[in-house]
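Chemist: Provided below: entry08.cif, containing mmCIF, C-alpha atoms and all ligand atoms.
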```
data_protein
loop_
_atom_site.label_atom_id
_atom_site.label_comp_id
_atom_site.auth_asym_id
_atom_site.auth_seq_id
_atom_site.Cartn_x
_atom_site.Cartn_y
_atom_site.Cartn_z
CA MET A 1 70.04 97.34 79.11
CA ARG A 2 73.79 97.34 78.61
CA GLY A 3 73.38 100.30 76.26
CA ILE A 4 71.14 102.28 78.59
CA ALA A 5 73.52 101.84 81.43
CA ARG A 6 76.41 102.98 79.28
CA LEU A 7 74.60 106.18 78.39
CA VAL A 8 73.22 107.39 81.64
CA VAL A 9 75.59 106.24 84.28
CA THR A 10 78.23 108.82 85.04
CA ARG A 11 81.35 106.82 84.71
CA PHE A 12 83.51 106.12 87.68
CA ILE A 13 86.72 104.35 88.10
CA VAL A 14 87.78 102.93 91.43
CA THR A 15 91.19 103.59 92.86
CA VAL A 16 93.04 101.04 94.92
CA HIS A 17 91.65 102.70 98.01
CA GLY A 18 88.14 101.97 96.85
CA TRP A 19 87.22 105.64 96.47
CA PRO A 20 85.36 106.40 93.29
CA VAL A 21 87.12 108.94 91.09
CA HIS A 22 85.47 110.64 88.18
CA ASP A 23 86.82 109.20 84.96
CA THR A 24 87.47 112.02 82.48
CA SER A 25 88.36 109.71 79.60
CA PRO A 26 85.93 109.82 76.65
CA LEU A 27 83.09 107.32 76.62
CA ASP A 28 83.48 104.36 74.34
CA GLU A 29 81.68 104.54 71.05
CA PRO A 30 78.03 103.74 71.95
CA PRO A 31 76.70 100.73 70.05
CA PHE A 32 73.38 102.50 69.18
CA PRO A 33 72.10 105.91 67.97
CA ARG A 34 74.01 108.86 69.31
CA TYR A 35 72.30 110.82 72.04
CA ASN A 36 73.27 114.00 73.66
CA THR A 37 74.51 112.38 76.84
CA SER A 38 74.39 115.46 79.01
CA SER A 39 70.73 116.19 78.18
CA ILE A 40 69.83 112.56 78.73
CA GLN A 41 71.46 112.79 82.10
CA ASP A 42 69.55 115.97 82.92
CA ASP A 43 66.27 114.36 81.87
CA ALA A 44 67.08 111.25 83.79
CA GLU A 45 67.93 113.25 86.89
CA GLN A 46 64.60 115.05 86.65
CA ALA A 47 62.72 111.85 86.09
CA LEU A 48 64.48 110.32 89.03
CA SER A 49 64.05 113.21 91.44
CA GLY A 50 62.64 111.87 94.60
CA HIS A 51 64.43 108.60 94.08
CA ALA A 52 67.83 109.83 95.05
CA GLY A 53 70.12 107.78 97.28
CA GLY A 54 71.90 104.60 96.28
CA ALA A 55 71.09 101.13 97.44
CA LEU A 56 73.51 99.32 99.69
CA GLU A 57 74.84 97.39 96.75
CA ASP A 58 76.07 100.69 95.25
CA LYS A 59 78.78 100.81 97.84
CA MET A 60 81.88 99.63 96.06
CA SER A 61 85.22 98.55 97.28
CA ILE A 62 87.99 96.46 95.81
CA THR A 63 87.75 94.14 98.72
CA PRO A 64 86.79 94.63 102.34
CA ILE A 65 89.74 95.26 104.60
CA GLY A 66 88.68 93.05 107.46
CA ARG A 67 88.68 94.35 110.95
CA ARG A 68 90.62 92.23 113.38
CA LEU A 69 88.57 90.39 115.91
CA PRO A 70 89.66 91.36 119.39
CA ASP A 71 91.90 88.54 120.56
CA ASP A 72 93.37 89.06 123.94
CA SER A 73 94.22 85.41 124.42
CA ARG A 74 97.61 85.76 122.75
CA GLN A 75 100.43 87.64 124.37
CA LYS A 76 102.54 90.20 122.60
CA ILE A 77 105.96 88.71 121.93
CA THR A 78 108.86 90.84 123.11
CA THR A 79 112.62 90.34 123.23
CA ALA A 80 112.11 89.17 126.83
CA SER A 81 109.68 86.47 125.63
CA LEU A 82 112.39 85.07 123.34
CA GLN A 83 114.73 84.80 126.29
CA GLU A 84 112.08 83.03 128.34
CA ARG A 85 111.43 80.61 125.49
CA LYS A 86 115.13 79.73 125.37
CA LEU A 87 115.23 79.08 129.12
CA ARG A 88 112.13 76.91 128.86
CA HIS A 89 113.49 75.08 125.78
CA GLU A 90 110.34 76.10 123.95
CA PRO A 91 111.06 76.36 120.19
CA ILE A 92 110.79 79.86 118.74
CA THR A 93 109.12 80.30 115.33
CA CYS A 94 110.00 82.97 112.80
CA LEU A 95 108.95 83.61 109.21
CA THR A 96 109.67 86.41 106.81
CA ALA A 97 106.85 88.64 105.59
CA TYR A 98 107.03 91.56 103.22
CA ASP A 99 103.46 92.82 102.83
CA TYR A 100 100.30 93.46 104.82
CA ALA A 101 98.31 90.38 103.79
CA THR A 102 101.10 87.89 104.40
CA ALA A 103 102.06 89.61 107.64
CA ARG A 104 98.51 89.22 108.92
CA LEU A 105 98.32 85.56 107.98
CA VAL A 106 101.66 84.85 109.62
CA ASP A 107 100.84 86.85 112.74
CA GLU A 108 97.38 85.32 113.08
CA SER A 109 98.97 81.86 112.81
CA ALA A 110 100.75 82.65 116.09
CA ILE A 111 104.28 82.77 114.67
CA ASP A 112 106.53 84.39 117.30
CA MET A 113 108.70 86.59 115.12
CA VAL A 114 108.09 88.23 111.76
CA LEU A 115 111.19 89.29 109.86
CA VAL A 116 111.08 91.84 107.07
CA GLY A 117 114.15 90.22 105.55
CA ASP A 118 116.27 91.80 102.89
CA SER A 119 115.51 88.57 101.02
CA LEU A 120 112.60 90.65 99.75
CA ALA A 121 115.13 91.86 97.20
CA GLN A 122 114.69 88.49 95.48
CA THR A 123 111.25 87.31 96.58
CA MET A 124 109.37 90.57 96.07
CA LEU A 125 111.51 92.70 93.80
CA GLY A 126 113.13 90.13 91.53
CA TYR A 127 116.73 91.18 92.12
CA ASP A 128 119.48 88.55 91.79
CA ASN A 129 120.72 89.00 95.35
CA THR A 130 120.17 91.18 98.41
CA LEU A 131 122.87 93.72 97.59
CA SER A 132 120.85 96.24 95.62
CA VAL A 133 117.84 96.65 97.90
CA THR A 134 117.70 100.16 99.40
CA MET A 135 116.66 101.68 102.72
CA ASP A 136 113.58 103.18 101.12
CA GLU A 137 112.52 99.86 99.61
CA MET A 138 113.01 98.08 102.93
CA LEU A 139 111.07 100.75 104.80
CA HIS A 140 108.22 100.62 102.31
CA HIS A 141 107.76 96.91 103.04
CA ALA A 142 108.39 97.25 106.77
CA LYS A 143 105.55 99.77 107.07
CA ALA A 144 103.12 97.45 105.29
CA VAL A 145 104.14 94.51 107.48
CA ARG A 146 103.82 96.67 110.61
CA ARG A 147 100.17 97.28 109.76
CA GLY A 148 99.56 93.52 109.59
CA VAL A 149 101.44 92.37 112.68
CA LYS A 150 99.86 92.58 116.10
CA ASN A 151 101.34 90.00 118.43
CA ALA A 152 104.56 88.81 116.84
CA LEU A 153 107.89 90.53 117.44
CA LEU A 154 108.67 92.58 114.34
CA LEU A 155 112.24 92.56 113.04
CA ALA A 156 113.65 94.32 110.01
CA ASP A 157 116.88 93.74 108.13
CA MET A 158 119.18 96.67 107.61
CA PRO A 159 120.11 96.49 103.93
CA TYR A 160 123.61 96.25 102.55
CA GLY A 161 125.31 99.66 102.63
CA SER A 162 123.09 101.09 105.36
CA TYR A 163 125.37 100.25 108.31
CA GLN A 164 128.81 99.23 107.07
CA ALA A 165 130.37 102.61 106.27
CA ASP A 166 129.69 104.88 109.20
CA PRO A 167 128.29 104.15 112.69
CA THR A 168 126.45 107.47 112.92
CA GLU A 169 124.69 106.78 109.64
CA ALA A 170 123.99 103.22 110.83
CA ILE A 171 122.26 104.52 113.97
CA ARG A 172 120.30 107.02 111.91
CA ASN A 173 119.16 104.24 109.56
CA ALA A 174 118.36 101.86 112.42
CA THR A 175 116.28 104.63 114.00
CA ARG A 176 114.31 105.02 110.77
CA PHE A 177 113.31 101.36 110.96
CA VAL A 178 111.92 101.96 114.45
CA LYS A 179 110.34 105.37 113.86
CA GLU A 180 109.05 104.96 110.31
CA GLY A 181 108.87 101.19 109.86
CA GLY A 182 107.63 100.29 113.33
CA ALA A 183 110.31 97.60 113.76
CA GLU A 184 111.01 96.43 117.28
CA VAL A 185 114.39 94.89 116.45
CA VAL A 186 116.80 95.56 113.60
CA LYS A 187 119.14 92.91 112.21
CA ILE A 188 122.60 93.31 110.79
CA GLU A 189 124.95 90.71 109.35
CA GLY A 190 128.50 90.00 110.49
CA GLY A 191 130.47 88.66 113.42
CA GLU A 192 132.87 90.04 116.01
CA LYS A 193 133.98 92.92 113.78
CA ARG A 194 130.48 94.39 114.28
CA THR A 195 130.52 94.41 118.10
CA ASP A 196 131.29 98.15 118.50
CA LEU A 197 128.53 99.06 116.09
CA ILE A 198 126.13 96.66 117.80
CA ARG A 199 126.81 98.29 121.18
CA ARG A 200 126.22 101.75 119.73
CA ILE A 201 122.93 100.77 118.14
CA ILE A 202 121.74 99.13 121.37
CA ASP A 203 122.90 102.29 123.19
CA ALA A 204 120.47 104.20 120.98
CA GLU A 205 117.70 102.05 122.56
CA ILE A 206 117.31 99.83 119.52
CA PRO A 207 117.28 96.07 120.14
CA LEU A 208 119.51 94.31 117.67
CA ALA A 209 119.60 90.84 116.12
CA GLY A 210 122.90 89.40 114.92
CA HIS A 211 123.29 87.19 111.85
CA ILE A 212 126.35 84.99 111.31
CA GLY A 213 127.41 82.01 109.22
CA LEU A 214 126.22 82.31 105.64
CA THR A 215 125.57 86.04 105.44
CA PRO A 216 124.02 86.79 102.03
CA GLN A 217 125.25 90.40 102.01
CA SER A 218 128.80 88.95 101.83
CA VAL A 219 127.99 86.79 98.79
CA ASN A 220 130.82 88.28 96.71
CA VAL A 221 133.37 87.82 99.50
CA MET A 222 132.23 84.26 100.21
CA GLY A 223 132.29 83.46 96.48
CA GLY A 224 128.71 82.23 96.45
CA TYR A 225 126.11 80.92 98.86
CA LYS A 226 128.16 78.24 100.60
CA VAL A 227 127.76 76.46 103.90
CA GLN A 228 130.13 78.14 106.37
CA GLY A 229 132.07 76.76 109.35
CA LYS A 230 133.18 73.50 107.82
CA ASP A 231 136.81 73.36 109.00
CA LEU A 232 138.32 73.83 112.43
CA GLY A 233 139.53 77.39 111.75
CA ALA A 234 136.12 78.45 110.48
CA ILE A 235 134.38 76.75 113.40
CA GLU A 236 136.62 78.63 115.84
CA GLN A 237 135.83 81.94 114.11
CA LEU A 238 132.10 81.22 114.20
CA MET A 239 132.24 80.43 117.90
CA ARG A 240 134.16 83.66 118.53
CA ASP A 241 131.56 85.58 116.50
CA ALA A 242 128.66 84.03 118.42
CA VAL A 243 130.18 84.76 121.81
CA ALA A 244 131.21 88.33 120.86
CA LEU A 245 127.70 89.17 119.65
CA ASP A 246 126.16 87.59 122.72
CA ARG A 247 128.39 89.70 124.97
CA ALA A 248 127.55 92.82 122.94
CA GLY A 249 123.92 92.23 123.93
CA VAL A 250 122.10 91.01 120.82
CA ALA A 251 118.42 90.20 121.38
CA CYS A 252 118.82 87.03 119.32
CA LEU A 253 121.29 85.52 116.92
CA PHE A 254 120.46 84.20 113.46
CA LEU A 255 122.63 81.25 112.40
CA GLU A 256 122.45 80.62 108.67
CA GLY A 257 123.97 77.85 106.57
CA ILE A 258 126.25 76.20 109.09
CA PRO A 259 126.67 72.54 110.10
CA ARG A 260 124.23 71.28 112.70
CA GLU A 261 127.08 70.46 115.11
CA VAL A 262 128.43 74.02 115.03
CA ALA A 263 124.97 75.52 115.50
CA ALA A 264 124.40 73.18 118.46
CA MET A 265 127.69 74.28 120.05
CA SER A 266 126.90 77.98 119.53
CA THR A 267 123.39 77.57 120.92
CA ALA A 268 124.76 75.90 124.05
CA GLU A 269 127.47 78.53 124.44
CA VAL A 270 125.43 81.74 124.21
CA GLY A 271 122.72 83.13 126.46
CA THR A 272 120.87 84.79 123.61
CA PRO A 273 118.32 82.73 121.65
CA THR A 274 119.66 81.34 118.37
CA ILE A 275 117.36 81.24 115.35
CA GLY A 276 118.55 78.82 112.69
CA ILE A 277 118.05 78.63 108.95
CA GLY A 278 119.90 75.69 107.43
CA ALA A 279 121.56 75.23 110.82
CA GLY A 280 119.92 72.07 112.16
CA PRO A 281 117.38 71.36 114.89
CA GLU A 282 119.36 72.29 118.01
CA CYS A 283 118.89 76.03 117.55
CA ASP A 284 116.47 77.73 119.94
CA GLY A 285 114.23 78.65 117.04
CA GLN A 286 113.80 78.23 113.31
CA VAL A 287 113.25 80.77 110.55
CA LEU A 288 112.29 80.18 106.93
CA VAL A 289 111.53 82.50 104.05
CA PHE A 290 107.76 82.67 103.55
CA HIS A 291 108.03 82.31 99.77
CA ASP A 292 110.10 79.14 100.20
CA ILE A 293 107.54 77.33 102.34
CA VAL A 294 104.67 78.06 99.95
CA ASN A 295 106.55 77.48 96.67
CA LEU A 296 106.67 81.00 95.32
CA THR A 297 110.37 81.06 94.50
CA PHE A 298 110.48 79.74 90.93
CA GLY A 299 113.40 77.41 91.46
CA PRO A 300 114.58 74.30 93.24
CA PRO A 301 114.60 74.85 97.00
CA ALA A 302 117.69 74.67 99.19
CA LYS A 303 118.23 71.45 101.16
CA PHE A 304 116.86 72.90 104.41
CA VAL A 305 113.61 74.23 102.91
CA ARG A 306 110.46 72.31 103.66
CA ARG A 307 107.49 73.13 101.45
CA TYR A 308 104.24 73.33 103.37
CA GLY A 309 102.03 74.45 100.52
CA ASP A 310 101.94 75.18 96.81
CA ALA A 311 100.79 78.77 96.38
CA ALA A 312 102.19 78.82 92.84
CA ALA A 313 99.79 76.05 91.80
CA LEU A 314 96.88 77.63 93.68
CA ILE A 315 97.41 81.08 92.17
CA THR A 316 97.99 79.76 88.66
CA HIS A 317 94.81 77.72 88.87
CA ALA A 318 92.79 80.74 90.06
CA VAL A 319 94.23 83.06 87.40
CA GLN A 320 93.65 80.57 84.60
CA ALA A 321 90.08 79.93 85.76
CA PHE A 322 89.36 83.69 85.78
CA ARG A 323 90.79 84.05 82.30
CA ALA A 324 88.73 81.15 80.99
CA ASP A 325 85.53 82.54 82.56
CA VAL A 326 86.02 85.98 80.99
CA LYS A 327 86.90 84.54 77.60
CA SER A 328 83.80 82.32 77.63
CA HIS A 329 81.49 85.09 78.92
CA GLN A 330 80.94 83.15 82.16
CA TYR A 331 82.13 86.06 84.26
CA PRO A 332 80.53 88.23 85.54
CA SER A 333 77.12 86.68 85.96
CA ASP A 334 73.92 88.65 86.50
CA GLU A 335 74.24 87.97 90.24
CA GLU A 336 77.67 89.55 90.17
CA SER A 337 76.35 92.73 88.52
CA TYR A 338 74.81 95.87 90.00
CA HIS A 339 71.28 96.77 88.94
CA LEU A 340 69.17 99.88 88.80
CA PRO A 341 66.30 100.00 91.29
CA ARG A 342 63.01 99.02 89.60
CA GLU A 343 61.53 102.59 89.79
CA THR A 344 64.72 104.09 88.36
CA ARG A 345 64.68 101.68 85.51
CA ALA A 346 61.02 102.46 84.76
CA ALA A 347 61.70 106.20 84.92
CA LEU A 348 64.64 105.79 82.62
CA GLU A 349 62.57 103.84 80.10
CA THR A 350 60.04 106.72 80.13
CA VAL A 351 62.76 109.25 79.35
CA LEU A 352 64.18 107.17 76.54
CA GLU A 353 60.75 106.54 75.09
CA ARG A 354 60.12 110.32 75.12
CA LYS A 355 63.39 110.85 73.25
CA ARG A 356 62.54 108.23 70.68
CA ALA A 357 59.06 109.77 70.14
CA MET A 358 60.58 113.24 69.61
CA ARG A 359 62.89 111.83 66.97
CA ARG A 360 60.05 110.21 65.01
O1 LIG A 401 116.58 88.16 104.65
C1 LIG A 401 116.21 87.11 105.17
O2 LIG A 401 115.22 86.51 104.79
C2 LIG A 401 117.01 86.60 106.28
C3 LIG A 401 116.67 85.30 106.91
C4 LIG A 401 116.24 84.23 106.12
C5 LIG A 401 117.44 84.95 108.10
O3 LIG A 401 117.90 87.25 106.70
#
```
Render the structure in this file as structure tokens.
Ligand code: KIV

Modeler:
Amino acid sequence: MRGIARLVVTRFIVTVHGWPVHDTSPLDEPPFPRYNTSSIQDDAEQALSGHAGGALEDKMSITPIGRRLPDDSRQKITTASLQERKLRHEPITCLTAYDYATARLVDESAIDMVLVGDSLAQTMLGYDNTLSVTMDEMLHHAKAVRRGVKNALLLADMPYGSYQADPTEAIRNATRFVKEGGAEVVKIEGGEKRTDLIRRIIDAEIPLAGHIGLTPQSVNVMGGYKVQGKDLGAIEQLMRDAVALDRAGVACLFLEGIPREVAAMSTAEVGTPTIGIGAGPECDGQVLVFHDIVNLTFGPPAKFVRRYGDAAALITHAVQAFRADVKSHQYPSDEESYHLPRETRAALETVLERKRAMRR
């Protein structure tokens, strides 16, 4: 049966979109007498005429892309909703996501904000830090996340180099995140020195998130990833930064890697919602990197990371089980294989028998 199928089935490969594409590569060496494949196919087609049309199981796809169930019970989160949450002292939740599948899972878990963070430089692309990730790389991921997010507020990080040099270029790049990436808010790093730029971006009708404290794009200036705001001078600067960004009109303010006390003071001082990461529990909301909470980061976690699952263990187990099944001929089973319809198989046997008789 394996041999028959190899001979008569026009070979197809399946692209990632699930569309069959004719494979022009030569057939593998058949394990039995050589036939003229094209005439066999002609004969088979004749023998099968009247039996055209594939069974349902012929429909192939890599995996079904599920349709979302209509769910009107959840409200779309907007920048106004964040503000309301702050006033009501209702904690705001935010996670990073960098691809369609994760974005869907995060969104469907009712997380308020999804951030396409430039941390994707490390988590998705394997860079050492966030400095080398480009606009095009960020946009590529933002678009995928956009397709997976329905209710959450979608934010995207402007990468290093896309907003520091020239305000006009910064607005152009911010606009690309909205137009091409579908982001509802863009985020830039830096304190009071960014206020003019922030006003200009908001003037271009683009809501903006600030990010102060440990700002990873300044890793070389900071001399490493260090907790910021630890002495009185640094605390004063952080407070000035928070207030300046608030006055400039940021939609929310990310506080990263600062002492709990300083984050609490900033949160009380500003009207905009603060979203903390390594900044203690008094912030209006909390953000973590998705890969951190599911153990996909290949290293010891930072102090503030709480692991909620072990995707590394789960994936490794699944991959090793697949490998073992293939190696031991346990996969695929007959139930996991496609079959010819009974009449087709009978017709095919007739053709092959005729061929064998002619050769005798
Ligand atoms: O890039 C990122 O993931 C971030 C957050 C963690 C705040 O900026």

Chemist: I'd like to know which of A:Pro167, A:Gly257, A:Gly299, A:Pro273 is closest to Arg200 (chain A), using all atoms listed in the file.

Modeler: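 Residue with the minimum atom-to-atom distance to Arg200 (chain A): A:Pro167.
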
Chemist: Output the neighbourhood of ligand LIG 401 (chain A) as a ChimeraX atom specification, that is, all protein and nucleic acid residues with some atom at most 9 Å from the ligand, counting all atoms listed in the file.

Modeler: /A:95-97,115-121,130,156-157,187-189,211,215-216,254-256,275-277,287-290

Chemist: Write out as an mmCIF file with C-alpha atoms, in the coordinates of the input which residues come within 8 Å of Ile77 (chain A) when counting all atoms listed in the file, dropping same-chain ones fewer than 6 positions away.

Modeler:
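Done, and the output landed in result_34.cif:
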```
data_model
loop_
_atom_site.group_PDB
_atom_site.id
_atom_site.type_symbol
_atom_site.label_atom_id
_atom_site.label_comp_id
_atom_site.auth_asym_id
_atom_site.auth_seq_id
_atom_site.Cartn_x
_atom_site.Cartn_y
_atom_site.Cartn_z
ATOM 1 C CA ASP A 112 106.530 84.390 117.300
ATOM 2 C CA MET A 113 108.700 86.590 115.120
ATOM 3 C CA ASN A 151 101.340 90.000 118.430
ATOM 4 C CA ALA A 152 104.560 88.810 116.840
ATOM 5 C CA LEU A 153 107.890 90.530 117.440
#
```

Chemist: Using only C-alpha atoms, can you tell me which of A:Val178, A:Leu238, A:Leu348, A:Leu197 comes closest to Ala165 (chain A)?

Modeler: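 Nearest candidate to Ala165 (chain A) out of A:Val178, A:Leu238, A:Leu348, A:Leu197: A:Leu197.
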
Chemist: At a cut-off of 9 Å from (134.9, 87.6, 113.1) in the coordinates of the file, what residues are picked up using only C-alpha atoms, written as a count of residues only?

Modeler: 11

Chemist: Find the smallest box with edges along x, y and z containing every listed atom of region 190-203 of chain A, then add 3 Å on each side and report centre and edge lengths in Å to one decimal, as JSON.

Modeler:
```
{"center_x": 127.9, "center_y": 95.5, "center_z": 116.8, "size_x": 18.2, "size_y": 19.6, "size_z": 18.7}
```

Chemist: If you count all atoms listed in the file, which residues fall within 8 Å of Lys143 (chain A), apart from same-chain ones fewer than 5 positions away, as a list in words?

Modeler: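 Using all atoms listed in the file, the neighbours found are Glu180, Gly181 and Gly182 of chain A.
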
Chemist: Just the selected residues (C-alpha atoms), exported as a short mmCIF file (atom, residue, chain, number, x, y, z; two decimals), in the frame of the given file, please.

Modeler:
```cif
data_model
loop_
_atom_site.label_atom_id
_atom_site.label_comp_id
_atom_site.auth_asym_id
_atom_site.auth_seq_id
_atom_site.Cartn_x
_atom_site.Cartn_y
_atom_site.Cartn_z
CA GLU A 180 109.05 104.96 110.31
CA GLY A 181 108.87 101.19 109.86
CA GLY A 182 107.63 100.29 113.33
#
```

Chemist: Quick one: of A:Met222, A:Ala251, A:Val319, A:Ala263, who's nearest to Met239 (chain A), counting only C-alpha atoms?

Modeler: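 Under the stated criterion, the closest residue is A:Ala263.
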
Chemist: Of the candidates A:Gln164, A:Val250, A:Asn220, A:Thr195, which one gets nearest to Thr79 (chain A) if we count all atoms listed in the file?

Modeler: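 The answer is A:Val250, which sits nearest to Thr79 (chain A).
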
Chemist: What's the 10 Å shell around Leu87 (chain A), counting only C-alpha atoms, without same-chain residues fewer than 3 positions away, as a list in words?

Modeler: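 Those residues are Ser81, Leu82, Gln83, Glu84, Glu90, Gly271, Thr272, Pro273 and Asp284 of chain A.
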
Chemist: Could you tell me how far CA of Ala80 (chain A) lies from CA of Ala209 (chain A), in Å and to one decimal?

Modeler: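 About the pair CA of Ala80 (chain A) and CA of Ala209 (chain A): they are 13.2 Å apart.
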
Chemist: Mind pulling up the distance from CA of Val114 (chain A) to CA of Gly309 (chain A)?

Modeler: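 For CA of Gly309 (chain A) relative to CA of Val114 (chain A), the distance reads 18.8 Å.
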